[in-house]
file structure-v5.cif (mmCIF, C-alpha atoms)
data_coords
#
loop_
_atom_site.group_PDB
_atom_site.id
_atom_site.type_symbol
_atom_site.label_atom_id
_atom_site.label_comp_id
_atom_site.auth_asym_id
_atom_site.auth_seq_id
_atom_site.Cartn_x
_atom_site.Cartn_y
_atom_site.Cartn_z
ATOM 1 C CA MET A 233 -32.882 116.311 196.089
ATOM 2 C CA ALA A 234 -31.961 118.468 193.098
ATOM 3 C CA LYS A 235 -28.382 119.650 192.979
ATOM 4 C CA LEU A 236 -27.545 123.313 193.462
ATOM 5 C CA LYS A 237 -26.920 124.967 190.090
ATOM 6 C CA VAL A 238 -23.647 126.910 190.272
ATOM 7 C CA ALA A 239 -21.732 129.259 187.983
ATOM 8 C CA VAL A 240 -18.078 129.994 188.692
ATOM 9 C CA PHE A 241 -16.376 133.220 187.596
ATOM 10 C CA ALA A 242 -12.580 133.089 187.227
ATOM 11 C CA SER A 243 -9.842 135.009 185.448
ATOM 12 C CA GLY A 244 -6.649 133.020 185.922
ATOM 13 C CA ASN A 245 -5.216 129.623 186.693
ATOM 14 C CA GLY A 246 -8.410 128.295 188.208
ATOM 15 C CA SER A 247 -7.347 126.137 191.152
ATOM 16 C CA ASN A 248 -10.482 127.147 193.067
ATOM 17 C CA PHE A 249 -12.602 126.299 190.037
ATOM 18 C CA GLN A 250 -10.866 122.935 189.858
ATOM 19 C CA ALA A 251 -11.597 122.252 193.516
ATOM 20 C CA LEU A 252 -15.286 122.939 192.955
ATOM 21 C CA ALA A 253 -15.433 120.887 189.760
ATOM 22 C CA ASP A 254 -13.703 117.971 191.473
ATOM 23 C CA GLY A 255 -15.938 118.260 194.524
ATOM 24 C CA ALA A 256 -19.068 118.205 192.367
ATOM 25 C CA ARG A 257 -17.794 115.250 190.338
ATOM 26 C CA ASP A 258 -16.829 113.252 193.424
ATOM 27 C CA GLY A 259 -20.058 113.964 195.271
ATOM 28 C CA ARG A 260 -18.441 115.961 198.068
ATOM 29 C CA ILE A 261 -20.772 118.855 197.249
ATOM 30 C CA ASP A 262 -24.347 118.533 196.016
ATOM 31 C CA ALA A 263 -23.718 120.946 193.177
ATOM 32 C CA ASP A 264 -23.992 121.044 189.415
ATOM 33 C CA ILE A 265 -21.320 123.365 188.015
ATOM 34 C CA ARG A 266 -23.308 124.669 185.077
ATOM 35 C CA LEU A 267 -20.977 127.334 183.715
ATOM 36 C CA LEU A 268 -17.555 128.945 183.902
ATOM 37 C CA VAL A 269 -17.558 132.672 183.154
ATOM 38 C CA CYS A 270 -14.099 133.981 182.227
ATOM 39 C CA ASP A 271 -12.930 137.425 181.128
ATOM 40 C CA LYS A 272 -9.527 136.267 179.841
ATOM 41 C CA PRO A 273 -9.685 134.227 176.609
ATOM 42 C CA SER A 274 -6.233 132.736 177.236
ATOM 43 C CA ALA A 275 -6.699 131.935 180.944
ATOM 44 C CA PRO A 276 -5.657 128.400 181.970
ATOM 45 C CA VAL A 277 -8.968 127.951 183.805
ATOM 46 C CA ILE A 278 -10.666 127.542 180.419
ATOM 47 C CA LYS A 279 -8.683 124.372 179.731
ATOM 48 C CA ARG A 280 -9.656 123.102 183.178
ATOM 49 C CA ALA A 281 -13.315 123.625 182.317
ATOM 50 C CA GLU A 282 -12.923 121.863 178.975
ATOM 51 C CA ALA A 283 -11.254 118.895 180.669
ATOM 52 C CA ALA A 284 -14.094 118.726 183.190
ATOM 53 C CA GLY A 285 -16.780 118.946 180.508
ATOM 54 C CA ILE A 286 -18.095 122.244 181.886
ATOM 55 C CA GLU A 287 -19.376 124.887 179.496
ATOM 56 C CA THR A 288 -17.439 128.138 179.308
ATOM 57 C CA TYR A 289 -18.751 131.604 178.542
ATOM 58 C CA VAL A 290 -15.850 133.892 177.634
ATOM 59 C CA ILE A 291 -16.414 137.630 177.757
ATOM 60 C CA ARG A 292 -14.277 140.346 176.197
ATOM 61 C CA PRO A 293 -15.084 143.412 178.298
ATOM 62 C CA ARG A 294 -13.506 145.883 175.877
ATOM 63 C CA GLU A 295 -16.109 144.948 173.275
ATOM 64 C CA TYR A 296 -18.881 146.432 175.437
ATOM 65 C CA PRO A 297 -19.704 150.109 175.984
ATOM 66 C CA SER A 298 -19.856 149.627 179.757
ATOM 67 C CA ARG A 299 -19.384 147.057 182.519
ATOM 68 C CA GLU A 300 -23.133 147.070 182.994
ATOM 69 C CA ALA A 301 -23.772 146.191 179.341
ATOM 70 C CA CYS A 302 -21.347 143.292 179.628
ATOM 71 C CA GLU A 303 -22.972 142.010 182.789
ATOM 72 C CA ARG A 304 -26.461 142.202 181.316
ATOM 73 C CA GLU A 305 -25.344 139.631 178.752
ATOM 74 C CA ILE A 306 -23.780 137.480 181.476
ATOM 75 C CA LEU A 307 -27.021 137.661 183.452
ATOM 76 C CA ILE A 308 -28.951 136.327 180.454
ATOM 77 C CA GLU A 309 -26.590 133.329 180.315
ATOM 78 C CA LEU A 310 -26.916 132.680 184.055
ATOM 79 C CA LYS A 311 -30.699 132.807 183.993
ATOM 80 C CA ARG A 312 -30.866 130.635 180.876
ATOM 81 C CA ARG A 313 -29.070 127.899 182.828
ATOM 82 C CA GLY A 314 -31.067 128.368 186.002
ATOM 83 C CA VAL A 315 -28.002 129.331 188.041
ATOM 84 C CA GLU A 316 -28.812 129.567 191.747
ATOM 85 C CA LEU A 317 -25.379 130.414 193.197
ATOM 86 C CA VAL A 318 -22.549 132.473 191.695
ATOM 87 C CA VAL A 319 -19.027 131.843 192.971
ATOM 88 C CA LEU A 320 -16.311 134.406 192.258
ATOM 89 C CA ALA A 321 -13.111 132.376 192.404
ATOM 90 C CA GLY A 322 -10.184 134.488 191.327
ATOM 91 C CA TYR A 323 -12.372 136.756 189.195
ATOM 92 C CA MET A 324 -10.413 139.978 188.803
ATOM 93 C CA ARG A 325 -13.275 142.364 188.124
ATOM 94 C CA ILE A 326 -15.544 144.235 190.514
ATOM 95 C CA VAL A 327 -19.119 143.320 189.665
ATOM 96 C CA THR A 328 -21.739 146.020 189.204
ATOM 97 C CA PRO A 329 -25.287 146.236 190.587
ATOM 98 C CA VAL A 330 -26.505 144.452 187.438
ATOM 99 C CA LEU A 331 -25.217 141.149 188.840
ATOM 100 C CA VAL A 332 -25.101 142.046 192.535
ATOM 101 C CA ASP A 333 -28.777 142.999 192.690
ATOM 102 C CA ALA A 334 -29.852 139.936 190.722
ATOM 103 C CA TYR A 335 -27.873 137.530 192.915
ATOM 104 C CA TYR A 336 -27.507 139.321 196.250
ATOM 105 C CA GLY A 337 -27.355 136.699 198.964
ATOM 106 C CA ARG A 338 -26.542 134.110 196.299
ATOM 107 C CA MET A 339 -23.153 135.423 195.142
ATOM 108 C CA ILE A 340 -19.966 134.646 197.077
ATOM 109 C CA ASN A 341 -16.271 135.394 196.720
ATOM 110 C CA VAL A 342 -13.124 133.751 198.069
ATOM 111 C CA HIS A 343 -10.242 136.007 199.124
ATOM 112 C CA PRO A 344 -6.714 135.129 200.345
ATOM 113 C CA SER A 345 -6.697 137.095 203.595
ATOM 114 C CA LEU A 346 -8.610 137.408 206.831
ATOM 115 C CA LEU A 347 -10.959 140.160 205.749
ATOM 116 C CA PRO A 348 -11.452 142.990 206.439
ATOM 117 C CA ALA A 349 -7.642 143.001 206.431
ATOM 118 C CA PHE A 350 -5.916 143.290 203.040
ATOM 119 C CA PRO A 351 -8.813 143.531 200.591
ATOM 120 C CA GLY A 352 -8.374 143.966 196.857
ATOM 121 C CA LEU A 353 -5.505 142.873 194.691
ATOM 122 C CA ASN A 354 -2.657 140.742 196.053
ATOM 123 C CA GLY A 355 -3.920 140.135 199.567
ATOM 124 C CA ILE A 356 -1.024 137.747 200.134
ATOM 125 C CA GLY A 357 1.594 140.311 199.147
ATOM 126 C CA GLN A 358 -0.114 142.951 201.280
ATOM 127 C CA ALA A 359 -0.007 140.667 204.317
ATOM 128 C CA LEU A 360 3.698 139.939 203.855
ATOM 129 C CA GLU A 361 4.525 143.600 203.352
ATOM 130 C CA TYR A 362 2.662 144.530 206.526
ATOM 131 C CA GLY A 363 4.503 141.843 208.457
ATOM 132 C CA VAL A 364 1.537 140.032 209.996
ATOM 133 C CA LYS A 365 2.144 136.735 211.782
ATOM 134 C CA VAL A 366 -1.258 135.286 210.866
ATOM 135 C CA THR A 367 -3.255 135.509 207.650
ATOM 136 C CA GLY A 368 -5.686 133.109 205.997
ATOM 137 C CA ALA A 369 -8.665 132.952 203.665
ATOM 138 C CA THR A 370 -12.224 134.248 203.674
ATOM 139 C CA VAL A 371 -15.433 133.377 201.869
ATOM 140 C CA HIS A 372 -17.929 136.235 201.895
ATOM 141 C CA PHE A 373 -21.067 137.493 200.236
ATOM 142 C CA VAL A 374 -20.578 139.960 197.391
ATOM 143 C CA ASP A 375 -22.135 143.372 197.932
ATOM 144 C CA GLY A 376 -20.542 145.380 195.124
ATOM 145 C CA GLY A 377 -17.712 146.808 197.234
ATOM 146 C CA LEU A 378 -14.083 145.745 197.267
ATOM 147 C CA ASP A 379 -14.258 142.575 199.402
ATOM 148 C CA THR A 380 -16.674 144.298 201.790
ATOM 149 C CA GLY A 381 -19.577 141.824 201.880
ATOM 150 C CA PRO A 382 -20.729 139.919 204.981
ATOM 151 C CA ILE A 383 -18.299 137.168 205.983
ATOM 152 C CA ILE A 384 -19.495 133.561 205.818
ATOM 153 C CA ALA A 385 -16.363 131.601 206.740
ATOM 154 C CA GLN A 386 -12.715 132.203 207.564
ATOM 155 C CA GLU A 387 -9.701 130.095 208.409
ATOM 156 C CA ALA A 388 -6.429 131.406 209.830
ATOM 157 C CA LEU A 389 -2.957 130.358 208.748
ATOM 158 C CA ALA A 390 0.396 131.225 210.312
ATOM 159 C CA VAL A 391 2.911 133.171 208.275
ATOM 160 C CA GLU A 392 6.213 131.322 208.560
ATOM 161 C CA PRO A 393 9.666 132.944 208.708
ATOM 162 C CA GLY A 394 11.043 133.291 205.206
ATOM 163 C CA ASP A 395 7.659 132.998 203.516
ATOM 164 C CA THR A 396 7.418 134.470 200.023
ATOM 165 C CA GLU A 397 4.257 135.224 198.099
ATOM 166 C CA GLU A 398 4.696 131.898 196.329
ATOM 167 C CA THR A 399 5.211 129.762 199.439
ATOM 168 C CA LEU A 400 2.402 131.445 201.344
ATOM 169 C CA ALA A 401 0.040 131.164 198.383
ATOM 170 C CA ALA A 402 0.824 127.456 198.128
ATOM 171 C CA ARG A 403 -0.449 126.997 201.701
ATOM 172 C CA ILE A 404 -3.413 129.358 201.394
ATOM 173 C CA HIS A 405 -4.832 127.735 198.254
ATOM 174 C CA PRO A 406 -5.828 124.481 200.001
ATOM 175 C CA VAL A 407 -7.530 126.559 202.709
ATOM 176 C CA GLU A 408 -9.500 128.440 200.041
ATOM 177 C CA HIS A 409 -10.508 125.163 198.414
ATOM 178 C CA ARG A 410 -11.685 123.695 201.711
ATOM 179 C CA LEU A 411 -13.698 126.783 202.654
ATOM 180 C CA LEU A 412 -15.324 127.015 199.232
ATOM 181 C CA LEU A 413 -16.434 123.400 199.283
ATOM 182 C CA GLN A 414 -17.758 123.810 202.825
ATOM 183 C CA VAL A 415 -19.750 126.946 202.014
ATOM 184 C CA VAL A 416 -21.142 125.684 198.706
ATOM 185 C CA GLN A 417 -22.361 122.534 200.445
ATOM 186 C CA GLN A 418 -24.006 124.653 203.137
ATOM 187 C CA PHE A 419 -25.815 126.545 200.375
ATOM 188 C CA ALA A 420 -26.816 123.253 198.754
ATOM 189 C CA GLU A 421 -28.302 122.137 202.066
ATOM 190 C CA GLY A 422 -30.150 125.435 202.513
ATOM 191 C CA ARG A 423 -28.346 126.184 205.767
ATOM 192 C CA ILE A 424 -27.044 129.705 205.108
ATOM 193 C CA ARG A 425 -29.208 132.721 205.928
ATOM 194 C CA LEU A 426 -28.376 136.389 205.368
ATOM 195 C CA ASN A 427 -30.251 139.090 207.262
ATOM 196 C CA GLY A 428 -28.697 142.490 206.593
ATOM 197 C CA ARG A 429 -25.055 141.846 207.384
ATOM 198 C CA GLN A 430 -25.805 139.020 209.797
ATOM 199 C CA VAL A 431 -24.907 135.570 208.471
ATOM 200 C CA THR A 432 -26.501 132.553 210.155
ATOM 201 C CA ILE A 433 -25.510 128.979 209.410
ATOM 202 C CA GLU A 434 -28.002 126.437 210.656
ATOM 203 C CA SER A 435 -26.649 123.232 212.163
#
call {"tool": "encode", "arguments": {"input": "structure-v5.cif", "output": "structure tokens"}}
result
Amino acid sequence: MAKLKVAVFASGNGSNFQALADGARDGRIDADIRLLVCDKPSAPVIKRAEAAGIETYVIRPREYPSREACEREILIELKRRGVELVVLAGYMRIVTPVLVDAYYGRMINVHPSLLPAFPGLNGIGQALEYGVKVTGATVHFVDGGLDTGPIIAQEALAVEPGDTEETLAARIHPVEHRLLLQVVQQFAEGRIRLNGRQVTIES
């Protein structure tokens, strides 16, 4: 069976990208990570991609007249590589209909909270500020809104007394990695179905 062709979008350190790259290399997911798309030329995730032998496409959004113009070029690169699934993994830009329409139902995002709670930037800090006792991570479809797409998978995690953003993030990251690998493998096996906002995962 042919491996699922995946592109990962990331803007920062890239621990989620690393989890996917490692999972593909080790055979834990039936995926071929074809491309890293990054909007920060100095982001550490680029070095991770180089070390893994994965091609990187670096964009400089300010060089384009609009977000849509930038994404049209990205779309050309995705289609040229036959990308079947797009994974937003710490990608700090809201995608426009250019990409959403082309990959709707085949574009997912990982977020460090139990959505719909604490969407957007710094979900971990938001959760701590609100004082919740339980938070977690979510993988969801991308619909063009701010973390508003249909939810595929979630896992809860207790907030411990004295937690800081750093300590809580250190425990949430492994949850994100686990959920991403699980969901990507379900895509590779053709088990995920999206009908409107209803997500079905076949056993």
call {"tool": "atom_distance", "arguments": {"input": "structure-v5.cif", "atom1": "CA of Gly314 (chain A)", "atom2": "CA of Gly376 (chain A)"}}
result
22.0 Å
call {"tool": "atom_distance", "arguments": {"input": "structure-v5.cif", "atom1": "CA of Asn341 (chain A)", "atom2": "CA of Val374 (chain A)"}}
result
6.3 Å
call {"tool": "residues_around", "arguments": {"input": "structure-v5.cif", "residues": "Leu378 (chain A)", "least_positions_apart": "6", "cutoff": "12 Å", "atoms": "only C-alpha atoms", "output": "number ranges by chain"}}
result
A: 324-328, 341, 343, 347-353, 355, 372
call {"tool": "residues_near_point", "arguments": {"input": "structure-v5.cif", "point": "(-21.0, 130.8, 204.1)", "cutoff": "7 Å", "atoms": "only C-alpha atoms", "output": "list in words"}}
result
Val371, His372, Ile384, Ala385, Val415, Gln418 and Ile424 of chain A
call {"tool": "atom_distance", "arguments": {"input": "structure-v5.cif", "atom1": "CA of Ala402 (chain A)", "atom2": "CA of Gly363 (chain A)"}}
result
18.1 Å
call {"tool": "axis_aligned_box", "arguments": {"input": "structure-v5.cif", "around": "region 353-370 of chain A", "padding_each_side": "8 Å", "output": "lines of an AutoDock Vina configuration file"}}
result
center_x = -3.8
center_y = 138.7
center_z = 203.2
size_x = 32.7
size_y = 27.6
size_z = 33.1
call {"tool": "closest_residue", "arguments": {"input": "structure-v5.cif", "among": "A:Leu307, A:Gly377, A:Pro344, A:Ala359", "to": "Val407 (chain A)", "atoms": "all atoms listed in the file"}}
result
A:Pro344
call {"tool": "closest_residue", "arguments": {"input": "structure-v5.cif", "among": "A:Asp254, A:Asp264, A:Thr288, A:Asn354", "to": "Val315 (chain A)", "atoms": "only C-alpha atoms"}}
result
A:Asp264
call {"tool": "resolve_selection", "arguments": {"input": "structure-v5.cif", "expression": "the PyMOL selection byres ((chain A and resi 244) around 12)", "output": "mmCIF file with C-alpha atoms, keeping the file's coordinate frame"}}
result
data_model
loop_
_atom_site.group_PDB
_atom_site.id
_atom_site.type_symbol
_atom_site.label_atom_id
_atom_site.label_comp_id
_atom_site.auth_asym_id
_atom_site.auth_seq_id
_atom_site.Cartn_x
_atom_site.Cartn_y
_atom_site.Cartn_z
ATOM 1 C CA PHE A 241 -16.376 133.220 187.596
ATOM 2 C CA ALA A 242 -12.580 133.089 187.227
ATOM 3 C CA SER A 243 -9.842 135.009 185.448
ATOM 4 C CA ASN A 245 -5.216 129.623 186.693
ATOM 5 C CA GLY A 246 -8.410 128.295 188.208
ATOM 6 C CA SER A 247 -7.347 126.137 191.152
ATOM 7 C CA ASN A 248 -10.482 127.147 193.067
ATOM 8 C CA PHE A 249 -12.602 126.299 190.037
ATOM 9 C CA GLN A 250 -10.866 122.935 189.858
ATOM 10 C CA LEU A 268 -17.555 128.945 183.902
ATOM 11 C CA VAL A 269 -17.558 132.672 183.154
ATOM 12 C CA CYS A 270 -14.099 133.981 182.227
ATOM 13 C CA ASP A 271 -12.930 137.425 181.128
ATOM 14 C CA LYS A 272 -9.527 136.267 179.841
ATOM 15 C CA PRO A 273 -9.685 134.227 176.609
ATOM 16 C CA SER A 274 -6.233 132.736 177.236
ATOM 17 C CA ALA A 275 -6.699 131.935 180.944
ATOM 18 C CA PRO A 276 -5.657 128.400 181.970
ATOM 19 C CA VAL A 277 -8.968 127.951 183.805
ATOM 20 C CA ILE A 278 -10.666 127.542 180.419
ATOM 21 C CA LYS A 279 -8.683 124.372 179.731
ATOM 22 C CA ARG A 280 -9.656 123.102 183.178
ATOM 23 C CA LEU A 320 -16.311 134.406 192.258
ATOM 24 C CA ALA A 321 -13.111 132.376 192.404
ATOM 25 C CA GLY A 322 -10.184 134.488 191.327
ATOM 26 C CA TYR A 323 -12.372 136.756 189.195
ATOM 27 C CA MET A 324 -10.413 139.978 188.803
ATOM 28 C CA ARG A 325 -13.275 142.364 188.124
#
call {"tool": "closest_residue", "arguments": {"input": "structure-v5.cif", "among": "A:Gly357, A:Gly255, A:Gly285, A:Pro297", "to": "Glu397 (chain A)", "atoms": "all atoms listed in the file"}}
result
A:Gly357
call {"tool": "closest_residue", "arguments": {"input": "structure-v5.cif", "among": "A:Gln417, A:Gln430, A:Ser435, A:Ser298", "to": "Leu236 (chain A)", "atoms": "all atoms listed in the file"}}
result
A:Gln417
call {"tool": "closest_residue", "arguments": {"input": "structure-v5.cif", "among": "A:Glu361, A:Asp379, A:Glu303, A:Glu309", "to": "Ile340 (chain A)", "atoms": "all atoms listed in the file"}}
result
A:Asp379
call {"tool": "resolve_selection", "arguments": {"input": "structure-v5.cif", "expression": "the PyMOL selection byres ((chain A and resi 366) around 8)", "output": "JSON, numbers by chain"}}
result
{"A": [364, 365, 367, 368, 388, 389, 390, 391]}
call {"tool": "residues_around", "arguments": {"input": "structure-v5.cif", "residues": "Gly428 (chain A)", "least_positions_apart": "5", "cutoff": "12 Å", "atoms": "all atoms listed in the file", "output": "ChimeraX atom specification"}}
result
/A:336-337,373,375,381-383
call {"tool": "resolve_selection", "arguments": {"input": "structure-v5.cif", "expression": "the PyMOL selection byres ((chain A and resi 237) around 12)", "output": "PyMOL selection string"}}
result
chain A and resi 234-236+238-240+256+261-268+310-319+338+416-417+419-420
call {"tool": "closest_residue", "arguments": {"input": "structure-v5.cif", "among": "A:Ala369, A:Cys302, A:Ala284, A:Leu426", "to": "Arg257 (chain A)", "atoms": "all atoms listed in the file"}}
result
A:Ala284
